[in-house]
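Asks: The structure follows.
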Amino acid sequence: HEIKNPLGGIRGAAQLLEKALSSPDEKEFTQLIIEQSDRLRNLVDRLLGPNSLPRLEWCNLHRPLEKIRSLMKADTSQAIAISRDYDPSIPDIKVDPDMLQQAVLNIVRNAVQALRDSKTPNPHIRLVTRIERQLTIHGQRHSLAAQIKVIDNGPGIPADIRDTLFYPLVTSKETGSGLGLSIAQTLINHHDGKIEVDSRPGHTEFIISLPIDRKES
Ligand SMILES: Nc1ncnc2c1ncn2[C@@H]1O[C@H](COP(=O)(O)OP(=O)(O)OP(=O)(O)O)[C@@H](O)[C@H]1O
Ligand SMILES: [Mg+2]
């Protein structure tokens, strides 16, 4: 509110000013103020992140993953190979499927962009699921966890942003807002999970771990 209220004031004042102006040339400037205020408000909304609580339901992890695969196949017109390697024995887990899908999608989109921007030959993204035993997440030991890995053969994460990768507004892209990963992390935190990354040239791997034994822990 410390940002949004003054922004609303600026926008309102520009609107009033616009009414007092007669020449279209001058109105262009008030329009600019209004547009940019809207952009900023949008950014603040995204920075604040998802503000709804997860709506948990029992879900097969592969359902949102398959959705992403078909979305991406349509999107990349098959230029980038997206393969899957699922462990079918992973039990259903309690998640908000929309939130999970958004988190993974943000990671997959980054992989697509990295592969495209670097013009990597034979671009390839792999979606992998596994069960992990005895995993510590946020200081809690879990006897069972599900892992989703998104692996690409792109250039790797630029060294200068590796340490701050998940912070908001960290980006290496000219038009990037640097929010994709910070939002993904917030969403996964809502599920008591974690995201890790392992990256070198030719191999970047994001690993989402979600506890399966949430109740006992
Ligand atoms: N698979 C990847 N390969 C190489 N670099 C990556 C990969 N994933 C993320 N990055 C780097 O991490 C940065 C931050 O990613 P993030 O999704 O948070 O922001 P963004 O993609 O730049 O912008 P936005 O997602 O808001 O459009 C990216 O700009 C990119 O430099
Ligand atoms: Mg992104």
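Naming scheme: A, B, ... for chains in displayed order of the structure tokens; residues 1 onward per chain; ligands 1 onward as shown.
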Mind listing the alpha helix (DSSP H) residues of segment 20-216 of chain A, per DSSP on the backbone, as a count of residues only?

Replies: 71

Asks: Once you count only C-alpha atoms and all ligand atoms, what closest atom pair and distance in Å to one decimal does each residue of chain A within 9 Å of ligand 1 have, with rows by chain and rising residue number, as CSV?

Replies:
```
residue,atom,partner,partner_atom_place_in_ligand_line,distance
A:Asn106,CA,ligand 1,17 (O),6.1
A:Ile107,CA,ligand 1,8 (N),6.2
A:Val108,CA,ligand 1,1 (N),7.3
A:Arg109,CA,ligand 1,21 (O),7.6
A:Asn110,CA,ligand 1,8 (N),4.5
A:Ala111,CA,ligand 1,1 (N),3.8
A:Val112,CA,ligand 1,1 (N),7.4
A:Gln113,CA,ligand 1,2 (C),7.7
A:Ala114,CA,ligand 1,3 (N),4.9
A:Leu115,CA,ligand 1,3 (N),7.4
A:Val150,CA,ligand 1,1 (N),8.3
A:Ile151,CA,ligand 1,1 (N),7.5
A:Asp152,CA,ligand 1,1 (N),6.3
A:Asn153,CA,ligand 1,1 (N),8.4
A:Gly154,CA,ligand 1,3 (N),6.0
A:Pro155,CA,ligand 1,4 (C),6.0
A:Gly156,CA,ligand 1,4 (C),4.4
A:Ile157,CA,ligand 1,5 (N),3.8
A:Pro158,CA,ligand 1,31 (O),6.0
A:Ile161,CA,ligand 1,12 (O),7.1
A:Arg162,CA,ligand 1,12 (O),7.7
A:Thr164,CA,ligand 1,14 (C),8.8
A:Leu165,CA,ligand 1,12 (O),5.6
A:Phe166,CA,ligand 1,18 (O),6.1
A:Tyr167,CA,ligand 1,18 (O),7.3
A:Pro168,CA,ligand 1,18 (O),6.7
A:Leu169,CA,ligand 1,19 (O),7.1
A:Val170,CA,ligand 1,14 (C),5.5
A:Thr171,CA,ligand 1,29 (O),3.5
A:Ser172,CA,ligand 1,29 (O),4.0
A:Lys173,CA,ligand 1,29 (O),5.0
A:Glu174,CA,ligand 1,22 (O),8.1
A:Thr175,CA,ligand 1,27 (O),7.4
A:Gly176,CA,ligand 1,23 (O),3.8
A:Ser177,CA,ligand 1,26 (O),3.9
A:Gly178,CA,ligand 1,19 (O),3.2
A:Leu179,CA,ligand 1,26 (O),3.7
A:Gly180,CA,ligand 1,25 (O),3.4
A:Leu181,CA,ligand 1,18 (O),3.7
A:Ser182,CA,ligand 1,18 (O),5.7
A:Ile183,CA,ligand 1,18 (O),7.7
A:Ala184,CA,ligand 1,18 (O),8.3
A:Ser199,CA,ligand 1,3 (N),7.8
A:Pro201,CA,ligand 1,4 (C),8.8
A:His203,CA,ligand 1,3 (N),8.4
A:Thr204,CA,ligand 1,1 (N),5.6
A:Glu205,CA,ligand 1,1 (N),7.2
A:Phe206,CA,ligand 1,1 (N),7.7
```

Asks: Would you save the residues of that selection, restricted to N, CA and C atoms, as a CSV table (one decimal), in the first residue's frame?

Replies:
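Saved as selection07.csv:
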```csv
chain,number,residue,atom,x,y,z
A,106,ASN,N,6.9,-21.8,-15.1
A,106,ASN,CA,7.9,-20.7,-15.0
A,106,ASN,C,9.3,-21.3,-15.3
A,107,ILE,N,9.6,-22.4,-14.7
A,107,ILE,CA,10.9,-23.0,-14.9
A,107,ILE,C,11.1,-23.5,-16.4
A,108,VAL,N,10.1,-24.1,-16.9
A,108,VAL,CA,10.2,-24.7,-18.3
A,108,VAL,C,10.3,-23.5,-19.3
A,109,ARG,N,9.5,-22.4,-19.0
A,109,ARG,CA,9.6,-21.3,-19.9
A,109,ARG,C,11.0,-20.7,-19.9
A,110,ASN,N,11.7,-20.6,-18.8
A,110,ASN,CA,13.1,-20.2,-18.8
A,110,ASN,C,14.0,-21.1,-19.6
A,111,ALA,N,13.7,-22.4,-19.5
A,111,ALA,CA,14.6,-23.3,-20.3
A,111,ALA,C,14.3,-23.1,-21.8
A,112,VAL,N,13.1,-22.9,-22.2
A,112,VAL,CA,12.8,-22.6,-23.6
A,112,VAL,C,13.5,-21.4,-24.0
A,113,GLN,N,13.4,-20.3,-23.2
A,113,GLN,CA,14.0,-19.0,-23.6
A,113,GLN,C,15.5,-19.2,-23.7
A,114,ALA,N,16.1,-19.9,-22.7
A,114,ALA,CA,17.6,-20.1,-22.7
A,114,ALA,C,18.0,-20.8,-24.0
A,115,LEU,N,17.3,-21.9,-24.3
A,115,LEU,CA,17.6,-22.7,-25.5
A,115,LEU,C,17.5,-21.8,-26.8
A,150,VAL,N,13.5,-30.5,-14.0
A,150,VAL,CA,13.4,-29.9,-15.4
A,150,VAL,C,14.8,-29.7,-15.8
A,151,ILE,N,15.2,-30.4,-16.9
A,151,ILE,CA,16.6,-30.4,-17.3
A,151,ILE,C,16.7,-29.9,-18.7
A,152,ASP,N,17.6,-29.0,-19.0
A,152,ASP,CA,17.8,-28.5,-20.4
A,152,ASP,C,19.3,-28.6,-20.7
A,153,ASN,N,19.5,-28.6,-22.0
A,153,ASN,CA,20.9,-28.7,-22.5
A,153,ASN,C,21.4,-27.4,-23.0
A,154,GLY,N,20.9,-26.3,-22.4
A,154,GLY,CA,21.3,-24.9,-22.8
A,154,GLY,C,22.6,-24.5,-22.2
A,155,PRO,N,22.8,-23.2,-22.3
A,155,PRO,CA,24.1,-22.6,-21.9
A,155,PRO,C,24.4,-22.6,-20.4
A,156,GLY,N,23.4,-22.8,-19.6
A,156,GLY,CA,23.6,-22.7,-18.2
A,156,GLY,C,23.3,-21.3,-17.7
A,157,ILE,N,23.2,-21.2,-16.3
A,157,ILE,CA,22.8,-19.9,-15.7
A,157,ILE,C,24.0,-19.0,-15.6
A,158,PRO,N,23.9,-17.8,-16.1
A,158,PRO,CA,25.0,-16.8,-16.1
A,158,PRO,C,25.6,-16.8,-14.6
A,161,ILE,N,24.6,-14.2,-11.8
A,161,ILE,CA,23.3,-14.2,-11.1
A,161,ILE,C,23.0,-15.5,-10.3
A,162,ARG,N,24.0,-16.4,-10.3
A,162,ARG,CA,23.7,-17.7,-9.7
A,162,ARG,C,23.3,-17.6,-8.2
A,164,THR,N,21.8,-15.1,-6.7
A,164,THR,CA,20.6,-14.4,-6.4
A,164,THR,C,19.5,-14.8,-7.3
A,165,LEU,N,19.6,-15.9,-7.9
A,165,LEU,CA,18.7,-16.4,-8.9
A,165,LEU,C,17.2,-16.3,-8.5
A,166,PHE,N,16.9,-16.6,-7.3
A,166,PHE,CA,15.5,-16.7,-6.8
A,166,PHE,C,15.0,-15.4,-6.3
A,167,TYR,N,15.9,-14.4,-6.2
A,167,TYR,CA,15.4,-13.1,-5.7
A,167,TYR,C,14.6,-12.4,-6.8
A,168,PRO,N,13.5,-11.7,-6.4
A,168,PRO,CA,12.8,-10.9,-7.4
A,168,PRO,C,13.6,-9.9,-8.1
A,169,LEU,N,13.3,-9.7,-9.4
A,169,LEU,CA,13.9,-8.7,-10.2
A,169,LEU,C,15.3,-9.0,-10.7
A,170,VAL,N,15.7,-10.3,-10.4
A,170,VAL,CA,17.0,-10.7,-11.0
A,170,VAL,C,16.8,-11.3,-12.3
A,171,THR,N,17.4,-10.7,-13.4
A,171,THR,CA,17.2,-11.2,-14.7
A,171,THR,C,18.4,-10.9,-15.6
A,172,SER,N,18.6,-11.7,-16.6
A,172,SER,CA,19.7,-11.5,-17.5
A,172,SER,C,19.1,-11.1,-18.9
A,173,LYS,N,17.7,-10.9,-18.9
A,173,LYS,CA,17.1,-10.7,-20.2
A,173,LYS,C,16.7,-9.2,-20.3
A,174,GLU,N,16.8,-8.7,-21.5
A,174,GLU,CA,16.5,-7.3,-21.7
A,174,GLU,C,15.0,-7.0,-21.3
A,175,THR,N,14.1,-7.9,-21.7
A,175,THR,CA,12.7,-7.6,-21.4
A,175,THR,C,12.2,-8.4,-20.2
A,176,GLY,N,13.1,-9.1,-19.5
A,176,GLY,CA,12.6,-10.0,-18.4
A,176,GLY,C,12.3,-9.1,-17.2
A,177,SER,N,11.3,-9.6,-16.4
A,177,SER,CA,11.0,-8.9,-15.2
A,177,SER,C,11.7,-9.6,-14.0
A,178,GLY,N,12.3,-10.7,-14.2
A,178,GLY,CA,13.0,-11.4,-13.1
A,178,GLY,C,12.1,-11.9,-12.0
A,179,LEU,N,10.9,-12.3,-12.4
A,179,LEU,CA,9.9,-12.7,-11.3
A,179,LEU,C,9.6,-14.2,-11.4
A,180,GLY,N,9.9,-14.8,-12.5
A,180,GLY,CA,9.4,-16.2,-12.7
A,180,GLY,C,9.9,-17.1,-11.6
A,181,LEU,N,11.2,-17.1,-11.3
A,181,LEU,CA,11.7,-18.0,-10.3
A,181,LEU,C,11.3,-17.6,-8.9
A,182,SER,N,11.2,-16.3,-8.6
A,182,SER,CA,10.8,-16.0,-7.3
A,182,SER,C,9.4,-16.4,-7.0
A,183,ILE,N,8.5,-16.3,-8.0
A,183,ILE,CA,7.1,-16.7,-7.9
A,183,ILE,C,7.1,-18.2,-7.7
A,184,ALA,N,7.9,-18.9,-8.6
A,184,ALA,CA,7.9,-20.4,-8.5
A,184,ALA,C,8.3,-20.8,-7.1
A,199,SER,N,23.7,-26.1,-12.3
A,199,SER,CA,23.8,-25.6,-13.7
A,199,SER,C,25.3,-25.5,-14.1
A,201,PRO,N,27.5,-25.3,-18.2
A,201,PRO,CA,27.2,-25.2,-19.6
A,201,PRO,C,26.8,-26.5,-20.2
A,203,HIS,N,24.1,-28.2,-19.3
A,203,HIS,CA,23.2,-28.9,-18.4
A,203,HIS,C,22.7,-28.1,-17.3
A,204,THR,N,21.4,-27.7,-17.3
A,204,THR,CA,20.8,-27.0,-16.2
A,204,THR,C,19.7,-27.8,-15.7
A,205,GLU,N,19.7,-28.0,-14.4
A,205,GLU,CA,18.7,-28.8,-13.8
A,205,GLU,C,18.0,-28.1,-12.6
A,206,PHE,N,16.7,-27.9,-12.7
A,206,PHE,CA,16.0,-27.4,-11.5
A,206,PHE,C,15.2,-28.6,-10.9
```

Asks: Between A:Gln102, A:Ser118, A:Gly139, A:Ile212, which is the closest to ligand 2 once you count only C-alpha atoms and all ligand atoms?

Replies: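 Nearest candidate to ligand 2 out of A:Gln102, A:Ser118, A:Gly139, A:Ile212: A:Gln102.
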
Asks: Which residues are near Pro54 of chain A? Cut-off 12 Å, only C-alpha atoms, ignore same chain within fewer than 5 positions. Put them as a PDB file with all heavy atoms, in the first residue's frame.

Replies:
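Dumped to result-v2.pdb:
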```pdb
ATOM      1  N   LYS A  94      -0.894 -34.339  -2.005  1.00  0.00           N
ATOM      2  CA  LYS A  94      -1.836 -33.248  -1.805  1.00  0.00           C
ATOM      3  C   LYS A  94      -1.181 -31.948  -2.221  1.00  0.00           C
ATOM      4  O   LYS A  94      -0.250 -31.475  -1.571  1.00  0.00           O
ATOM      5  CB  LYS A  94      -2.253 -33.193  -0.335  1.00  0.00           C
ATOM      6  CG  LYS A  94      -3.746 -33.359  -0.186  1.00  0.00           C
ATOM      7  CD  LYS A  94      -4.231 -33.153   1.207  1.00  0.00           C
ATOM      8  CE  LYS A  94      -5.727 -32.908   1.121  1.00  0.00           C
ATOM      9  NZ  LYS A  94      -6.322 -32.693   2.431  1.00  0.00           N
ATOM     10  N   VAL A  95      -1.635 -31.389  -3.332  1.00  0.00           N
ATOM     11  CA  VAL A  95      -1.081 -30.130  -3.827  1.00  0.00           C
ATOM     12  C   VAL A  95      -2.195 -29.274  -4.400  1.00  0.00           C
ATOM     13  O   VAL A  95      -3.317 -29.736  -4.581  1.00  0.00           O
ATOM     14  CB  VAL A  95      -0.035 -30.357  -4.960  1.00  0.00           C
ATOM     15  CG1 VAL A  95       1.203 -31.056  -4.454  1.00  0.00           C
ATOM     16  CG2 VAL A  95      -0.642 -31.097  -6.136  1.00  0.00           C
ATOM     17  N   ASP A  96      -1.876 -28.032  -4.672  1.00  0.00           N
ATOM     18  CA  ASP A  96      -2.746 -27.194  -5.477  1.00  0.00           C
ATOM     19  C   ASP A  96      -2.244 -27.340  -6.913  1.00  0.00           C
ATOM     20  O   ASP A  96      -1.185 -26.812  -7.252  1.00  0.00           O
ATOM     21  CB  ASP A  96      -2.656 -25.737  -5.005  1.00  0.00           C
ATOM     22  CG  ASP A  96      -3.581 -24.815  -5.791  1.00  0.00           C
ATOM     23  OD1 ASP A  96      -3.700 -25.014  -7.027  1.00  0.00           O
ATOM     24  OD2 ASP A  96      -4.167 -23.908  -5.185  1.00  0.00           O
ATOM     25  N   PRO A  97      -2.969 -28.068  -7.762  1.00  0.00           N
ATOM     26  CA  PRO A  97      -2.437 -28.382  -9.096  1.00  0.00           C
ATOM     27  C   PRO A  97      -2.147 -27.132  -9.923  1.00  0.00           C
ATOM     28  O   PRO A  97      -1.177 -27.122 -10.689  1.00  0.00           O
ATOM     29  CB  PRO A  97      -3.548 -29.211  -9.759  1.00  0.00           C
ATOM     30  CG  PRO A  97      -4.532 -29.533  -8.701  1.00  0.00           C
ATOM     31  CD  PRO A  97      -4.300 -28.636  -7.532  1.00  0.00           C
ATOM     32  N   ASP A  98      -2.959 -26.094  -9.757  1.00  0.00           N
ATOM     33  CA  ASP A  98      -2.734 -24.873 -10.536  1.00  0.00           C
ATOM     34  C   ASP A  98      -1.433 -24.198 -10.122  1.00  0.00           C
ATOM     35  O   ASP A  98      -0.660 -23.732 -10.958  1.00  0.00           O
ATOM     36  CB  ASP A  98      -3.888 -23.881 -10.352  1.00  0.00           C
ATOM     37  CG  ASP A  98      -5.159 -24.400 -10.999  1.00  0.00           C
ATOM     38  OD1 ASP A  98      -5.042 -25.216 -11.936  1.00  0.00           O
ATOM     39  OD2 ASP A  98      -6.248 -24.010 -10.552  1.00  0.00           O
ATOM     40  N   MET A  99      -1.209 -24.146  -8.811  1.00  0.00           N
ATOM     41  CA  MET A  99       0.027 -23.525  -8.317  1.00  0.00           C
ATOM     42  C   MET A  99       1.252 -24.319  -8.762  1.00  0.00           C
ATOM     43  O   MET A  99       2.254 -23.741  -9.191  1.00  0.00           O
ATOM     44  CB  MET A  99       0.014 -23.466  -6.790  1.00  0.00           C
ATOM     45  CG  MET A  99      -0.841 -22.357  -6.235  1.00  0.00           C
ATOM     46  SD  MET A  99      -0.486 -22.168  -4.487  1.00  0.00           S
ATOM     47  CE  MET A  99      -1.513 -20.756  -4.113  1.00  0.00           C
ATOM     48  N   LEU A 100       1.135 -25.636  -8.656  1.00  0.00           N
ATOM     49  CA  LEU A 100       2.260 -26.476  -9.058  1.00  0.00           C
ATOM     50  C   LEU A 100       2.543 -26.294 -10.543  1.00  0.00           C
ATOM     51  O   LEU A 100       3.696 -26.148 -10.965  1.00  0.00           O
ATOM     52  CB  LEU A 100       1.949 -27.939  -8.750  1.00  0.00           C
ATOM     53  CG  LEU A 100       3.079 -28.907  -9.062  1.00  0.00           C
ATOM     54  CD1 LEU A 100       4.299 -28.597  -8.217  1.00  0.00           C
ATOM     55  CD2 LEU A 100       2.648 -30.344  -8.847  1.00  0.00           C
ATOM     56  N   THR A 186       8.012 -19.141  -4.235  1.00  0.00           N
ATOM     57  CA  THR A 186       6.926 -18.872  -3.292  1.00  0.00           C
ATOM     58  C   THR A 186       5.859 -19.964  -3.365  1.00  0.00           C
ATOM     59  O   THR A 186       5.370 -20.444  -2.344  1.00  0.00           O
ATOM     60  CB  THR A 186       6.269 -17.506  -3.609  1.00  0.00           C
ATOM     61  OG1 THR A 186       7.287 -16.513  -3.666  1.00  0.00           O
ATOM     62  CG2 THR A 186       5.245 -17.129  -2.559  1.00  0.00           C
ATOM     63  N   LEU A 187       5.495 -20.336  -4.589  1.00  0.00           N
ATOM     64  CA  LEU A 187       4.456 -21.354  -4.765  1.00  0.00           C
ATOM     65  C   LEU A 187       4.875 -22.689  -4.162  1.00  0.00           C
ATOM     66  O   LEU A 187       4.086 -23.364  -3.498  1.00  0.00           O
ATOM     67  CB  LEU A 187       4.145 -21.538  -6.258  1.00  0.00           C
ATOM     68  CG  LEU A 187       3.489 -20.340  -6.951  1.00  0.00           C
ATOM     69  CD1 LEU A 187       3.427 -20.550  -8.461  1.00  0.00           C
ATOM     70  CD2 LEU A 187       2.090 -20.107  -6.398  1.00  0.00           C
ATOM     71  N   ILE A 188       6.131 -23.047  -4.381  1.00  0.00           N
ATOM     72  CA  ILE A 188       6.601 -24.333  -3.858  1.00  0.00           C
ATOM     73  C   ILE A 188       6.746 -24.264  -2.330  1.00  0.00           C
ATOM     74  O   ILE A 188       6.444 -25.224  -1.624  1.00  0.00           O
ATOM     75  CB  ILE A 188       7.935 -24.741  -4.528  1.00  0.00           C
ATOM     76  CG1 ILE A 188       7.706 -24.988  -6.028  1.00  0.00           C
ATOM     77  CG2 ILE A 188       8.524 -25.983  -3.873  1.00  0.00           C
ATOM     78  CD1 ILE A 188       6.643 -26.032  -6.355  1.00  0.00           C
ATOM     79  N   ASN A 189       7.147 -23.105  -1.811  1.00  0.00           N
ATOM     80  CA  ASN A 189       7.195 -22.940  -0.354  1.00  0.00           C
ATOM     81  C   ASN A 189       5.822 -23.139   0.272  1.00  0.00           C
ATOM     82  O   ASN A 189       5.707 -23.664   1.374  1.00  0.00           O
ATOM     83  CB  ASN A 189       7.736 -21.554   0.026  1.00  0.00           C
ATOM     84  CG  ASN A 189       9.245 -21.484  -0.123  1.00  0.00           C
ATOM     85  OD1 ASN A 189       9.914 -22.507  -0.222  1.00  0.00           O
ATOM     86  ND2 ASN A 189       9.774 -20.271  -0.155  1.00  0.00           N
ATOM     87  N   HIS A 190       4.789 -22.680  -0.437  1.00  0.00           N
ATOM     88  CA  HIS A 190       3.423 -22.878   0.049  1.00  0.00           C
ATOM     89  C   HIS A 190       3.095 -24.355   0.226  1.00  0.00           C
ATOM     90  O   HIS A 190       2.146 -24.714   0.900  1.00  0.00           O
ATOM     91  CB  HIS A 190       2.401 -22.283  -0.934  1.00  0.00           C
ATOM     92  CG  HIS A 190       2.154 -20.812  -0.741  1.00  0.00           C
ATOM     93  ND1 HIS A 190       2.161 -20.206   0.482  1.00  0.00           N
ATOM     94  CD2 HIS A 190       1.886 -19.838  -1.643  1.00  0.00           C
ATOM     95  CE1 HIS A 190       1.915 -18.909   0.338  1.00  0.00           C
ATOM     96  NE2 HIS A 190       1.756 -18.664  -0.950  1.00  0.00           N
ATOM     97  N   HIS A 191       3.855 -25.203  -0.447  1.00  0.00           N
ATOM     98  CA  HIS A 191       3.622 -26.644  -0.333  1.00  0.00           C
ATOM     99  C   HIS A 191       4.682 -27.300   0.561  1.00  0.00           C
ATOM    100  O   HIS A 191       4.879 -28.513   0.502  1.00  0.00           O
ATOM    101  CB  HIS A 191       3.679 -27.304  -1.715  1.00  0.00           C
ATOM    102  CG  HIS A 191       2.525 -26.947  -2.595  1.00  0.00           C
ATOM    103  ND1 HIS A 191       2.472 -25.783  -3.340  1.00  0.00           N
ATOM    104  CD2 HIS A 191       1.373 -27.597  -2.856  1.00  0.00           C
ATOM    105  CE1 HIS A 191       1.328 -25.754  -4.015  1.00  0.00           C
ATOM    106  NE2 HIS A 191       0.651 -26.831  -3.748  1.00  0.00           N
ATOM    107  N   ASP A 192       5.374 -26.497   1.345  1.00  0.00           N
ATOM    108  CA  ASP A 192       6.453 -27.005   2.201  1.00  0.00           C
ATOM    109  C   ASP A 192       7.554 -27.684   1.403  1.00  0.00           C
ATOM    110  O   ASP A 192       8.256 -28.562   1.913  1.00  0.00           O
ATOM    111  CB  ASP A 192       5.910 -28.002   3.249  1.00  0.00           C
ATOM    112  CG  ASP A 192       4.841 -27.391   4.111  1.00  0.00           C
ATOM    113  OD1 ASP A 192       4.934 -26.165   4.361  1.00  0.00           O
ATOM    114  OD2 ASP A 192       3.914 -28.109   4.505  1.00  0.00           O
TER     115      ASP A 192
END
```

Asks: Can you pull out every residue within 12 Å of Asp38 of chain A, counting only C-alpha atoms, but drop anything in the same chain fewer than 2 positions away, and send it as number ranges by chain?

Replies: A: 4, 7-12, 14, 31-36, 40-45

Asks: Just give me the gap between atom CA of Asn122 of chain A and atom CA of Arg69 of chain A in Å, one decimal is fine.

Replies: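 Going from atom CA of Asn122 of chain A over to atom CA of Arg69 of chain A covers 17.6 Å.
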
Asks: For Ser83 of chain A, list every protein, DNA or RNA residue within 9 Å, evaluated using only C-alpha atoms, and leave out those in the same chain fewer than 6 positions away; present the list as a PyMOL selection string.

Replies: chain A and resi 69+124-128

Asks: Convert the current residue selection to file output with N, CA and C atoms, as a PDB file, in the first residue's frame.

Replies:
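Result file follows (result02.pdb):
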```pdb
ATOM      1  N   ARG A  69       3.497 -30.070 -20.850  1.00  0.00           N
ATOM      2  CA  ARG A  69       4.125 -30.636 -22.046  1.00  0.00           C
ATOM      3  C   ARG A  69       3.302 -30.300 -23.291  1.00  0.00           C
ATOM      4  N   HIS A 124      16.817 -29.409 -26.078  1.00  0.00           N
ATOM      5  CA  HIS A 124      16.120 -30.521 -25.444  1.00  0.00           C
ATOM      6  C   HIS A 124      15.767 -30.190 -23.992  1.00  0.00           C
ATOM      7  N   ILE A 125      14.523 -30.445 -23.625  1.00  0.00           N
ATOM      8  CA  ILE A 125      14.112 -30.286 -22.231  1.00  0.00           C
ATOM      9  C   ILE A 125      13.582 -31.629 -21.751  1.00  0.00           C
ATOM     10  N   ARG A 126      14.016 -32.045 -20.570  1.00  0.00           N
ATOM     11  CA  ARG A 126      13.496 -33.298 -20.012  1.00  0.00           C
ATOM     12  C   ARG A 126      12.709 -33.020 -18.744  1.00  0.00           C
ATOM     13  N   LEU A 127      11.545 -33.626 -18.646  1.00  0.00           N
ATOM     14  CA  LEU A 127      10.758 -33.587 -17.411  1.00  0.00           C
ATOM     15  C   LEU A 127      10.900 -34.947 -16.738  1.00  0.00           C
ATOM     16  N   VAL A 128      11.448 -34.938 -15.540  1.00  0.00           N
ATOM     17  CA  VAL A 128      11.736 -36.193 -14.847  1.00  0.00           C
ATOM     18  C   VAL A 128      11.043 -36.185 -13.493  1.00  0.00           C
TER      19      VAL A 128
END
```

Asks: Could you pull out the residues in segment 2-217 of chain A that DSSP calls strand (DSSP E) from the backbone, as a ChimeraX atom specification?

Replies: /A:57-59,81-85,93-95,124-137,140-152,194-200,203-211

Asks: Using only C-alpha atoms and all ligand atoms for the distances, tell me which of A:Lys67, A:Arg133, A:His142, A:Ala103 is nearest to ligand 2.

Replies: A:Ala103
